[in-house]
Amino acid sequence: RVELRSVEDPSPHRVRPPCTHFGTCGGCHWQFADHATQLDWKRSIVAGHKADPHAWGFAVALRQRGSGFFCTGSLIAPDRVLTAAHCVRRAKPRKMRVVVGSPWAAGPRAGRSIRVRRARIDPDYNARLDRRDLAVVTLRRPSSAPTIALPTTVESAAATRPHKKVYSAGWGARSPWGFRLAKRLKSTRELVHPNRLCQRFYLKSGFDSASMICVLGTFAPRLRSRYAFATTSCTGDSGGPLVARTPAGLRLVGVVSVGPIPCGGGPSIYARV
């Protein structure tokens, strides 16, 4: 596994070695138009455009004192944030801040930041194999921002079947090479792919279907490159939400975990919630 480190992003989206070929991945980008069901066409995360702040009000930015933004997360309760374990395993809670209620991760337009009380990593997290890459961050005070519901086992299984539409968001890189971090929240539509795609791409030992979801978007614009890339999460999106529509409403089914560089050159892996 390769870790890409950016000057702007001290704790990036973790990446796998790039594949030897570029898969056929495809073409349109979506974003939530409201927090219920209406959708609008938009370009997103890699090659991205703006996400609707009302639809993605539960998305939060994790910052570290002295180094700035480092990961994305989701507000699952007024004082609880779900993010990736690899985002916080070396972070010191006393230095962490969480920006809530704003599509901006930094600057004068960013929302107020809340200090962190503690960060708990999933006890089954395996850093070497990237399994159960989940962590819960507890805030020092509750936020008034909207929260996103977690799925039941049945809802998760139904929403993450192959070819189901899912939606991701974050403040990560807009370039497939992991550069140009977004200042404003981005989102995109992706598709769940059969497990065998990720098992071939990452080898069977690198993809665990019980704790991971294999996801990839559709063809992005050429991004000033001779290669074709798909829309997906990238450096800085780590810990961010993967959301699906269920009969009961929107559910947080996954968390941005690992993927190839260039982003969109192969499927991304999301930790299964």
# chains A, B, ... in the order shown; residues from 1 in each chain; ligands from 1
$ residues_around --residues "Leu150 of chain A" --least-positions-apart "6" --cutoff "10 Å" --atoms "only C-alpha atoms" --output "ChimeraX atom specification"
/A:76,156,243,250-254,273
$ write_last_selection --atoms "C-alpha atoms" --output "compact mmCIF listing (two decimals), in the first residue's frame"
# COMPACT_ATOMS: atom_id res chain seq x y z
CA ILE A 76 -24.47 10.66 13.42
CA SER A 156 -27.32 -1.93 4.39
CA VAL A 243 -25.00 7.60 1.49
CA LEU A 250 -31.24 8.35 3.54
CA ARG A 251 -28.77 6.11 5.34
CA LEU A 252 -25.02 6.32 5.94
CA VAL A 253 -23.88 2.96 4.53
CA GLY A 254 -20.13 3.56 4.21
CA VAL A 273 -21.04 0.78 8.37
$ closest_residue --among "A:Pro123, A:Gly217, A:Pro162, A:Pro103" --to "His54 of chain A" --atoms "only C-alpha atoms"
A:Pro103
$ residues_around --residues "Ala84 of chain A" --least-positions-apart "3" --cutoff "8 Å" --atoms "only C-alpha atoms" --output "PDB file with N, CA, C and O atoms, in the first residue's frame"
ATOM      1  N   GLY A  73     -15.925  13.774   7.853  1.00  0.00           N
ATOM      2  CA  GLY A  73     -16.687  12.893   8.740  1.00  0.00           C
ATOM      3  C   GLY A  73     -18.175  13.156   8.593  1.00  0.00           C
ATOM      4  O   GLY A  73     -18.593  14.022   7.825  1.00  0.00           O
ATOM      5  N   CYS A  87      -7.849   8.030  10.034  1.00  0.00           N
ATOM      6  CA  CYS A  87      -7.785   9.485  10.193  1.00  0.00           C
ATOM      7  C   CYS A  87      -7.337   9.887  11.596  1.00  0.00           C
ATOM      8  O   CYS A  87      -6.658  10.898  11.769  1.00  0.00           O
ATOM      9  N   VAL A  88      -7.765   9.120  12.586  1.00  0.00           N
ATOM     10  CA  VAL A  88      -7.577   9.570  13.971  1.00  0.00           C
ATOM     11  C   VAL A  88      -6.621   8.710  14.780  1.00  0.00           C
ATOM     12  O   VAL A  88      -6.325   9.038  15.928  1.00  0.00           O
ATOM     13  N   ASP A 133     -12.323   0.030   9.053  1.00  0.00           N
ATOM     14  CA  ASP A 133     -11.674   1.342   9.110  1.00  0.00           C
ATOM     15  C   ASP A 133     -12.688   2.397   9.570  1.00  0.00           C
ATOM     16  O   ASP A 133     -13.075   3.280   8.810  1.00  0.00           O
ATOM     17  N   LEU A 134     -13.103   2.296  10.843  1.00  0.00           N
ATOM     18  CA  LEU A 134     -14.144   3.165  11.387  1.00  0.00           C
ATOM     19  C   LEU A 134     -13.733   3.707  12.749  1.00  0.00           C
ATOM     20  O   LEU A 134     -13.039   3.025  13.522  1.00  0.00           O
ATOM     21  N   ALA A 135     -14.162   4.916  13.044  1.00  0.00           N
ATOM     22  CA  ALA A 135     -13.902   5.518  14.354  1.00  0.00           C
ATOM     23  C   ALA A 135     -15.025   6.492  14.688  1.00  0.00           C
ATOM     24  O   ALA A 135     -15.636   7.075  13.788  1.00  0.00           O
ATOM     25  N   SER A 238     -11.106  11.082   3.018  1.00  0.00           N
ATOM     26  CA  SER A 238     -11.104  10.000   4.004  1.00  0.00           C
ATOM     27  C   SER A 238     -12.052  10.286   5.156  1.00  0.00           C
ATOM     28  O   SER A 238     -12.093  11.394   5.687  1.00  0.00           O
ATOM     29  N   GLY A 239     -12.807   9.259   5.536  1.00  0.00           N
ATOM     30  CA  GLY A 239     -13.755   9.403   6.639  1.00  0.00           C
ATOM     31  C   GLY A 239     -15.089   9.962   6.217  1.00  0.00           C
ATOM     32  O   GLY A 239     -16.037   9.992   7.003  1.00  0.00           O
ATOM     33  N   GLY A 240     -15.176  10.427   4.966  1.00  0.00           N
ATOM     34  CA  GLY A 240     -16.406  11.050   4.488  1.00  0.00           C
ATOM     35  C   GLY A 240     -17.530  10.065   4.243  1.00  0.00           C
ATOM     36  O   GLY A 240     -17.333   8.852   4.213  1.00  0.00           O
ATOM     37  N   VAL A 255     -18.030   4.604   4.712  1.00  0.00           N
ATOM     38  CA  VAL A 255     -17.088   5.678   5.049  1.00  0.00           C
ATOM     39  C   VAL A 255     -15.898   5.573   4.102  1.00  0.00           C
ATOM     40  O   VAL A 255     -15.377   4.469   3.866  1.00  0.00           O
ATOM     41  N   VAL A 256     -15.468   6.696   3.542  1.00  0.00           N
ATOM     42  CA  VAL A 256     -14.327   6.693   2.621  1.00  0.00           C
ATOM     43  C   VAL A 256     -13.105   6.094   3.311  1.00  0.00           C
ATOM     44  O   VAL A 256     -12.707   6.547   4.385  1.00  0.00           O
ATOM     45  N   SER A 257     -12.493   5.091   2.682  1.00  0.00           N
ATOM     46  CA  SER A 257     -11.375   4.402   3.313  1.00  0.00           C
ATOM     47  C   SER A 257     -10.110   4.430   2.460  1.00  0.00           C
ATOM     48  O   SER A 257      -9.179   5.172   2.757  1.00  0.00           O
ATOM     49  N   ALA A 271     -15.413   1.704   3.870  1.00  0.00           N
ATOM     50  CA  ALA A 271     -15.653   0.850   5.038  1.00  0.00           C
ATOM     51  C   ALA A 271     -17.155   0.695   5.226  1.00  0.00           C
ATOM     52  O   ALA A 271     -17.897   1.677   5.237  1.00  0.00           O
TER      53      ALA A 271
END
$ residues_around --residues "Leu62 of chain A" --least-positions-apart "3" --cutoff "6 Å" --atoms "only C-alpha atoms" --output "list in words"
Phe69, Phe70, Cys71, Thr72 and Val98 of chain A
$ closest_residue --among "A:Arg120, A:Arg272, A:Arg109, A:Arg140" --to "Ser211 of chain A" --atoms "only C-alpha atoms"
A:Arg272
$ select_by_dssp --residues "segment 103-205 of chain A" --states "helix (DSSP H, G or I)" --output "ChimeraX atom specification"
/A:153-159,195-202,204-205
$ write_last_selection --atoms "N, CA, C and O atoms" --output "JSON list (two decimals), in the first residue's frame"
[["chain", "number", "residue", "atom", "x", "y", "z"],
["A", 153, "THR", "N", -29.02, -3.79, 9.42],
["A", 153, "THR", "CA", -28.30, -4.79, 8.61],
["A", 153, "THR", "C", -29.03, -5.05, 7.31],
["A", 153, "THR", "O", -28.41, -5.15, 6.24],
["A", 154, "VAL", "N", -30.35, -5.14, 7.38],
["A", 154, "VAL", "CA", -31.15, -5.41, 6.17],
["A", 154, "VAL", "C", -31.06, -4.23, 5.20],
["A", 154, "VAL", "O", -30.90, -4.42, 3.99],
["A", 155, "GLU", "N", -31.18, -3.01, 5.72],
["A", 155, "GLU", "CA", -31.09, -1.83, 4.87],
["A", 155, "GLU", "C", -29.73, -1.73, 4.19],
["A", 155, "GLU", "O", -29.63, -1.41, 3.00],
["A", 156, "SER", "N", -28.67, -2.00, 4.94],
["A", 156, "SER", "CA", -27.32, -1.93, 4.39],
["A", 156, "SER", "C", -27.12, -2.95, 3.27],
["A", 156, "SER", "O", -26.57, -2.62, 2.20],
["A", 157, "ALA", "N", -27.58, -4.18, 3.51],
["A", 157, "ALA", "CA", -27.42, -5.22, 2.50],
["A", 157, "ALA", "C", -28.16, -4.88, 1.21],
["A", 157, "ALA", "O", -27.64, -5.06, 0.10],
["A", 158, "ALA", "N", -29.37, -4.34, 1.35],
["A", 158, "ALA", "CA", -30.17, -4.00, 0.18],
["A", 158, "ALA", "C", -29.59, -2.80, -0.57],
["A", 158, "ALA", "O", -29.60, -2.76, -1.81],
["A", 159, "ALA", "N", -29.08, -1.82, 0.17],
["A", 159, "ALA", "CA", -28.60, -0.58, -0.45],
["A", 159, "ALA", "C", -27.22, -0.71, -1.08],
["A", 159, "ALA", "O", -26.82, 0.15, -1.87],
["A", 195, "ASN", "N", -18.17, -7.50, -5.82],
["A", 195, "ASN", "CA", -16.95, -7.67, -5.02],
["A", 195, "ASN", "C", -15.77, -8.15, -5.86],
["A", 195, "ASN", "O", -14.62, -7.79, -5.58],
["A", 196, "ARG", "N", -16.05, -8.94, -6.88],
["A", 196, "ARG", "CA", -14.96, -9.51, -7.68],
["A", 196, "ARG", "C", -14.12, -8.43, -8.36],
["A", 196, "ARG", "O", -12.93, -8.65, -8.62],
["A", 197, "LEU", "N", -14.71, -7.27, -8.65],
["A", 197, "LEU", "CA", -13.93, -6.18, -9.27],
["A", 197, "LEU", "C", -12.82, -5.73, -8.32],
["A", 197, "LEU", "O", -11.66, -5.59, -8.72],
["A", 198, "CYS", "N", -13.17, -5.50, -7.06],
["A", 198, "CYS", "CA", -12.15, -5.08, -6.08],
["A", 198, "CYS", "C", -11.22, -6.22, -5.71],
["A", 198, "CYS", "O", -10.04, -5.99, -5.41],
["A", 199, "GLN", "N", -11.71, -7.44, -5.74],
["A", 199, "GLN", "CA", -10.84, -8.58, -5.44],
["A", 199, "GLN", "C", -9.78, -8.75, -6.52],
["A", 199, "GLN", "O", -8.65, -9.14, -6.23],
["A", 200, "ARG", "N", -10.15, -8.44, -7.78],
["A", 200, "ARG", "CA", -9.15, -8.51, -8.85],
["A", 200, "ARG", "C", -8.18, -7.33, -8.76],
["A", 200, "ARG", "O", -6.98, -7.49, -8.96],
["A", 201, "PHE", "N", -8.73, -6.16, -8.46],
["A", 201, "PHE", "CA", -7.91, -4.94, -8.45],
["A", 201, "PHE", "C", -6.96, -4.91, -7.26],
["A", 201, "PHE", "O", -5.80, -4.52, -7.39],
["A", 202, "TYR", "N", -7.45, -5.29, -6.08],
["A", 202, "TYR", "CA", -6.64, -5.22, -4.85],
["A", 202, "TYR", "C", -6.14, -6.60, -4.41],
["A", 202, "TYR", "O", -5.52, -6.71, -3.36],
["A", 204, "LYS", "N", -7.43, -10.71, -3.63],
["A", 204, "LYS", "CA", -8.44, -11.21, -2.69],
["A", 204, "LYS", "C", -8.09, -10.86, -1.25],
["A", 204, "LYS", "O", -8.96, -10.61, -0.43],
["A", 205, "SER", "N", -6.78, -10.85, -0.93],
["A", 205, "SER", "CA", -6.38, -10.54, 0.45],
["A", 205, "SER", "C", -6.55, -9.07, 0.78],
["A", 205, "SER", "O", -6.55, -8.68, 1.94]]
$ residues_around --residues "His163 of chain A" --least-positions-apart "6" --cutoff "10 Å" --atoms "only C-alpha atoms" --output "JSON, numbers by chain"
{"A": [190, 191, 192, 193, 194, 215]}
$ select_by_dssp --residues "segment 84-222 of chain A" --states "strand (DSSP E)" --output "short mmCIF file (atom, residue, chain, number, x, y, z; two decimals) with N, CA, C and O atoms, in the first residue's frame"
data_model
loop_
_atom_site.label_atom_id
_atom_site.label_comp_id
_atom_site.auth_asym_id
_atom_site.auth_seq_id
_atom_site.Cartn_x
_atom_site.Cartn_y
_atom_site.Cartn_z
N MET A 96 -7.61 18.35 18.14
CA MET A 96 -8.58 18.24 17.05
C MET A 96 -9.74 19.21 17.21
O MET A 96 -10.16 19.52 18.33
N ARG A 97 -10.25 19.66 16.08
CA ARG A 97 -11.45 20.49 16.02
C ARG A 97 -12.33 19.95 14.90
O ARG A 97 -11.83 19.44 13.90
N VAL A 98 -13.65 20.08 15.06
CA VAL A 98 -14.59 19.62 14.04
C VAL A 98 -15.43 20.81 13.58
O VAL A 98 -16.09 21.46 14.40
N VAL A 99 -15.39 21.11 12.29
CA VAL A 99 -16.18 22.21 11.72
C VAL A 99 -17.53 21.64 11.30
O VAL A 99 -17.61 20.73 10.47
N SER A 113 -16.05 25.80 14.96
CA SER A 113 -15.45 24.49 15.23
C SER A 113 -15.71 24.10 16.68
O SER A 113 -15.80 24.95 17.57
N ILE A 114 -15.85 22.80 16.90
CA ILE A 114 -16.11 22.25 18.22
C ILE A 114 -14.92 21.39 18.63
O ILE A 114 -14.42 20.59 17.82
N ARG A 115 -14.50 21.53 19.85
CA ARG A 115 -13.37 20.73 20.34
C ARG A 115 -13.81 19.28 20.54
O ARG A 115 -14.98 18.97 20.71
N VAL A 116 -12.81 18.40 20.53
CA VAL A 116 -13.06 16.96 20.62
C VAL A 116 -12.76 16.45 22.02
O VAL A 116 -11.73 16.80 22.61
N ARG A 117 -13.66 15.63 22.54
CA ARG A 117 -13.45 15.03 23.85
C ARG A 117 -12.60 13.76 23.74
O ARG A 117 -11.64 13.56 24.48
N ARG A 118 -12.96 12.90 22.79
CA ARG A 118 -12.19 11.66 22.60
C ARG A 118 -12.49 11.07 21.22
O ARG A 118 -13.46 11.45 20.57
N ALA A 119 -11.64 10.13 20.80
CA ALA A 119 -11.82 9.41 19.54
C ALA A 119 -11.67 7.92 19.83
O ALA A 119 -10.66 7.50 20.40
N ARG A 120 -12.68 7.15 19.47
CA ARG A 120 -12.67 5.71 19.70
C ARG A 120 -12.62 4.97 18.37
O ARG A 120 -13.48 5.16 17.51
N ILE A 121 -11.62 4.12 18.21
CA ILE A 121 -11.44 3.35 16.98
C ILE A 121 -12.13 1.99 17.13
O ILE A 121 -12.14 1.40 18.21
N ALA A 135 -14.16 4.92 13.04
CA ALA A 135 -13.90 5.52 14.35
C ALA A 135 -15.03 6.49 14.69
O ALA A 135 -15.64 7.07 13.79
N VAL A 136 -15.29 6.64 15.97
CA VAL A 136 -16.30 7.59 16.44
C VAL A 136 -15.61 8.67 17.25
O VAL A 136 -14.89 8.38 18.21
N VAL A 137 -15.83 9.91 16.86
CA VAL A 137 -15.25 11.07 17.56
C VAL A 137 -16.37 11.71 18.39
O VAL A 137 -17.44 12.01 17.87
N THR A 138 -16.10 11.90 19.68
CA THR A 138 -17.07 12.52 20.57
C THR A 138 -16.72 13.99 20.76
O THR A 138 -15.58 14.33 21.10
N LEU A 139 -17.70 14.86 20.53
CA LEU A 139 -17.49 16.30 20.66
C LEU A 139 -17.67 16.76 22.10
O LEU A 139 -18.39 16.12 22.88
N LYS A 165 -27.14 2.79 -6.74
CA LYS A 165 -26.59 4.14 -6.71
C LYS A 165 -26.29 4.55 -5.27
O LYS A 165 -27.09 4.31 -4.37
N VAL A 166 -25.13 5.13 -5.08
CA VAL A 166 -24.73 5.67 -3.78
C VAL A 166 -24.12 7.04 -4.03
O VAL A 166 -23.77 7.39 -5.15
N TYR A 167 -23.96 7.82 -2.95
CA TYR A 167 -23.51 9.21 -3.09
C TYR A 167 -22.43 9.49 -2.05
O TYR A 167 -22.58 9.12 -0.88
N SER A 168 -21.36 10.13 -2.48
CA SER A 168 -20.26 10.44 -1.57
C SER A 168 -19.98 11.94 -1.57
O SER A 168 -20.34 12.65 -2.52
N ALA A 169 -19.33 12.41 -0.50
CA ALA A 169 -19.03 13.84 -0.39
C ALA A 169 -17.77 14.03 0.45
O ALA A 169 -17.39 13.16 1.24
N GLY A 170 -17.14 15.19 0.25
CA GLY A 170 -15.95 15.50 1.04
C GLY A 170 -15.25 16.75 0.56
O GLY A 170 -15.66 17.37 -0.44
N LYS A 186 -17.77 19.02 -1.82
CA LYS A 186 -18.13 18.46 -3.12
C LYS A 186 -18.89 17.15 -2.92
O LYS A 186 -18.78 16.51 -1.89
N SER A 187 -19.64 16.75 -3.95
CA SER A 187 -20.35 15.47 -3.87
C SER A 187 -20.41 14.83 -5.24
O SER A 187 -20.20 15.48 -6.26
N THR A 188 -20.68 13.53 -5.26
CA THR A 188 -20.82 12.82 -6.53
C THR A 188 -21.69 11.59 -6.39
O THR A 188 -21.86 11.06 -5.29
N ARG A 189 -22.22 11.15 -7.52
CA ARG A 189 -22.92 9.87 -7.55
C ARG A 189 -21.93 8.79 -7.95
O ARG A 189 -21.11 8.98 -8.84
N GLU A 190 -22.03 7.63 -7.29
CA GLU A 190 -21.21 6.48 -7.66
C GLU A 190 -22.11 5.24 -7.73
O GLU A 190 -23.30 5.30 -7.41
N LEU A 191 -21.52 4.13 -8.15
CA LEU A 191 -22.26 2.87 -8.23
C LEU A 191 -21.53 1.80 -7.44
O LEU A 191 -20.29 1.73 -7.45
N VAL A 192 -22.30 0.96 -6.76
CA VAL A 192 -21.71 -0.20 -6.09
C VAL A 192 -21.37 -1.24 -7.16
O VAL A 192 -22.18 -1.49 -8.06
N MET A 212 -16.11 -4.17 3.73
CA MET A 212 -15.80 -3.19 2.70
C MET A 212 -16.87 -3.18 1.61
O MET A 212 -17.55 -4.19 1.37
N ILE A 213 -16.99 -2.04 0.93
CA ILE A 213 -17.90 -1.89 -0.20
C ILE A 213 -17.07 -1.44 -1.40
O ILE A 213 -16.25 -0.52 -1.28
N CYS A 214 -17.26 -2.08 -2.54
CA CYS A 214 -16.53 -1.77 -3.76
C CYS A 214 -17.34 -0.77 -4.58
O CYS A 214 -18.46 -1.07 -5.01
N VAL A 215 -16.79 0.43 -4.80
CA VAL A 215 -17.56 1.52 -5.40
C VAL A 215 -16.73 2.26 -6.44
O VAL A 215 -15.52 2.42 -6.28
N LEU A 216 -17.39 2.74 -7.49
CA LEU A 216 -16.74 3.57 -8.49
C LEU A 216 -17.79 4.39 -9.21
O LEU A 216 -18.92 3.93 -9.43
#
$ residues_around --residues "Pro78 of chain A" --least-positions-apart "6" --cutoff "7 Å" --atoms "only C-alpha atoms" --output "ChimeraX atom specification"
/A:142-144,147
$ write_last_selection --atoms "N, CA and C atoms" --output "PDB file, in the first residue's frame"
ATOM      1  N   PRO A 142     -22.708  19.355  22.118  1.00  0.00           N
ATOM      2  CA  PRO A 142     -23.544  18.941  20.986  1.00  0.00           C
ATOM      3  C   PRO A 142     -23.666  20.035  19.932  1.00  0.00           C
ATOM      4  N   SER A 143     -23.877  19.606  18.710  1.00  0.00           N
ATOM      5  CA  SER A 143     -24.073  20.524  17.593  1.00  0.00           C
ATOM      6  C   SER A 143     -25.551  20.572  17.223  1.00  0.00           C
ATOM      7  N   SER A 144     -25.978  21.683  16.646  1.00  0.00           N
ATOM      8  CA  SER A 144     -27.359  21.808  16.194  1.00  0.00           C
ATOM      9  C   SER A 144     -27.511  21.430  14.715  1.00  0.00           C
ATOM     10  N   THR A 147     -28.223  15.483  11.507  1.00  0.00           N
ATOM     11  CA  THR A 147     -27.484  14.220  11.598  1.00  0.00           C
ATOM     12  C   THR A 147     -27.963  13.272  10.502  1.00  0.00           C
TER      13      THR A 147
END
$ decode --residues "segment 186-207 of chain A" --atoms "N, CA, C and O atoms" --output "PDB file, in the first residue's frame"
ATOM      1  N   LYS A 186     -17.774  19.024  -1.822  1.00  0.00           N
ATOM      2  CA  LYS A 186     -18.129  18.458  -3.119  1.00  0.00           C
ATOM      3  C   LYS A 186     -18.891  17.150  -2.920  1.00  0.00           C
ATOM      4  O   LYS A 186     -18.780  16.506  -1.885  1.00  0.00           O
ATOM      5  N   SER A 187     -19.641  16.753  -3.946  1.00  0.00           N
ATOM      6  CA  SER A 187     -20.350  15.470  -3.866  1.00  0.00           C
ATOM      7  C   SER A 187     -20.411  14.828  -5.240  1.00  0.00           C
ATOM      8  O   SER A 187     -20.197  15.482  -6.260  1.00  0.00           O
ATOM      9  N   THR A 188     -20.682  13.532  -5.264  1.00  0.00           N
ATOM     10  CA  THR A 188     -20.816  12.821  -6.530  1.00  0.00           C
ATOM     11  C   THR A 188     -21.687  11.587  -6.391  1.00  0.00           C
ATOM     12  O   THR A 188     -21.860  11.055  -5.286  1.00  0.00           O
ATOM     13  N   ARG A 189     -22.218  11.146  -7.521  1.00  0.00           N
ATOM     14  CA  ARG A 189     -22.923   9.869  -7.554  1.00  0.00           C
ATOM     15  C   ARG A 189     -21.932   8.789  -7.948  1.00  0.00           C
ATOM     16  O   ARG A 189     -21.109   8.982  -8.844  1.00  0.00           O
ATOM     17  N   GLU A 190     -22.032   7.635  -7.294  1.00  0.00           N
ATOM     18  CA  GLU A 190     -21.212   6.477  -7.663  1.00  0.00           C
ATOM     19  C   GLU A 190     -22.110   5.242  -7.731  1.00  0.00           C
ATOM     20  O   GLU A 190     -23.301   5.303  -7.414  1.00  0.00           O
ATOM     21  N   LEU A 191     -21.523   4.128  -8.152  1.00  0.00           N
ATOM     22  CA  LEU A 191     -22.256   2.868  -8.231  1.00  0.00           C
ATOM     23  C   LEU A 191     -21.527   1.799  -7.440  1.00  0.00           C
ATOM     24  O   LEU A 191     -20.292   1.732  -7.446  1.00  0.00           O
ATOM     25  N   VAL A 192     -22.296   0.956  -6.763  1.00  0.00           N
ATOM     26  CA  VAL A 192     -21.712  -0.205  -6.088  1.00  0.00           C
ATOM     27  C   VAL A 192     -21.374  -1.237  -7.164  1.00  0.00           C
ATOM     28  O   VAL A 192     -22.181  -1.495  -8.062  1.00  0.00           O
ATOM     29  N   HIS A 193     -20.179  -1.795  -7.079  1.00  0.00           N
ATOM     30  CA  HIS A 193     -19.738  -2.796  -8.054  1.00  0.00           C
ATOM     31  C   HIS A 193     -19.608  -4.166  -7.392  1.00  0.00           C
ATOM     32  O   HIS A 193     -19.473  -4.267  -6.168  1.00  0.00           O
ATOM     33  N   PRO A 194     -19.661  -5.236  -8.184  1.00  0.00           N
ATOM     34  CA  PRO A 194     -19.497  -6.579  -7.608  1.00  0.00           C
ATOM     35  C   PRO A 194     -18.168  -6.699  -6.868  1.00  0.00           C
ATOM     36  O   PRO A 194     -17.166  -6.096  -7.258  1.00  0.00           O
ATOM     37  N   ASN A 195     -18.167  -7.500  -5.820  1.00  0.00           N
ATOM     38  CA  ASN A 195     -16.953  -7.670  -5.015  1.00  0.00           C
ATOM     39  C   ASN A 195     -15.771  -8.145  -5.855  1.00  0.00           C
ATOM     40  O   ASN A 195     -14.619  -7.795  -5.582  1.00  0.00           O
ATOM     41  N   ARG A 196     -16.054  -8.937  -6.879  1.00  0.00           N
ATOM     42  CA  ARG A 196     -14.958  -9.507  -7.676  1.00  0.00           C
ATOM     43  C   ARG A 196     -14.116  -8.434  -8.358  1.00  0.00           C
ATOM     44  O   ARG A 196     -12.927  -8.650  -8.622  1.00  0.00           O
ATOM     45  N   LEU A 197     -14.709  -7.266  -8.654  1.00  0.00           N
ATOM     46  CA  LEU A 197     -13.928  -6.184  -9.266  1.00  0.00           C
ATOM     47  C   LEU A 197     -12.825  -5.734  -8.316  1.00  0.00           C
ATOM     48  O   LEU A 197     -11.663  -5.592  -8.721  1.00  0.00           O
ATOM     49  N   CYS A 198     -13.169  -5.503  -7.056  1.00  0.00           N
ATOM     50  CA  CYS A 198     -12.154  -5.077  -6.078  1.00  0.00           C
ATOM     51  C   CYS A 198     -11.218  -6.218  -5.713  1.00  0.00           C
ATOM     52  O   CYS A 198     -10.038  -5.986  -5.415  1.00  0.00           O
ATOM     53  N   GLN A 199     -11.713  -7.438  -5.739  1.00  0.00           N
ATOM     54  CA  GLN A 199     -10.842  -8.578  -5.440  1.00  0.00           C
ATOM     55  C   GLN A 199      -9.782  -8.753  -6.518  1.00  0.00           C
ATOM     56  O   GLN A 199      -8.652  -9.144  -6.234  1.00  0.00           O
ATOM     57  N   ARG A 200     -10.146  -8.443  -7.775  1.00  0.00           N
ATOM     58  CA  ARG A 200      -9.152  -8.505  -8.854  1.00  0.00           C
ATOM     59  C   ARG A 200      -8.181  -7.331  -8.757  1.00  0.00           C
ATOM     60  O   ARG A 200      -6.977  -7.490  -8.955  1.00  0.00           O
ATOM     61  N   PHE A 201      -8.726  -6.157  -8.463  1.00  0.00           N
ATOM     62  CA  PHE A 201      -7.909  -4.939  -8.446  1.00  0.00           C
ATOM     63  C   PHE A 201      -6.958  -4.909  -7.255  1.00  0.00           C
ATOM     64  O   PHE A 201      -5.798  -4.520  -7.386  1.00  0.00           O
ATOM     65  N   TYR A 202      -7.452  -5.291  -6.082  1.00  0.00           N
ATOM     66  CA  TYR A 202      -6.643  -5.225  -4.855  1.00  0.00           C
ATOM     67  C   TYR A 202      -6.141  -6.596  -4.410  1.00  0.00           C
ATOM     68  O   TYR A 202      -5.524  -6.714  -3.358  1.00  0.00           O
ATOM     69  N   LEU A 203      -6.456  -7.619  -5.178  1.00  0.00           N
ATOM     70  CA  LEU A 203      -6.200  -9.020  -4.827  1.00  0.00           C
ATOM     71  C   LEU A 203      -7.174  -9.445  -3.734  1.00  0.00           C
ATOM     72  O   LEU A 203      -7.669  -8.614  -2.963  1.00  0.00           O
ATOM     73  N   LYS A 204      -7.426 -10.712  -3.631  1.00  0.00           N
ATOM     74  CA  LYS A 204      -8.438 -11.205  -2.687  1.00  0.00           C
ATOM     75  C   LYS A 204      -8.086 -10.864  -1.247  1.00  0.00           C
ATOM     76  O   LYS A 204      -8.958 -10.608  -0.427  1.00  0.00           O
ATOM     77  N   SER A 205      -6.781 -10.852  -0.927  1.00  0.00           N
ATOM     78  CA  SER A 205      -6.375 -10.543   0.447  1.00  0.00           C
ATOM     79  C   SER A 205      -6.553  -9.068   0.778  1.00  0.00           C
ATOM     80  O   SER A 205      -6.551  -8.680   1.941  1.00  0.00           O
ATOM     81  N   GLY A 206      -6.721  -8.227  -0.240  1.00  0.00           N
ATOM     82  CA  GLY A 206      -6.833  -6.796  -0.009  1.00  0.00           C
ATOM     83  C   GLY A 206      -8.249  -6.288   0.054  1.00  0.00           C
ATOM     84  O   GLY A 206      -8.471  -5.104   0.345  1.00  0.00           O
ATOM     85  N   PHE A 207      -9.225  -7.151  -0.230  1.00  0.00           N
ATOM     86  CA  PHE A 207     -10.618  -6.720  -0.180  1.00  0.00           C
ATOM     87  C   PHE A 207     -11.441  -7.726   0.603  1.00  0.00           C
ATOM     88  O   PHE A 207     -11.481  -8.910   0.283  1.00  0.00           O
TER      89      PHE A 207
END
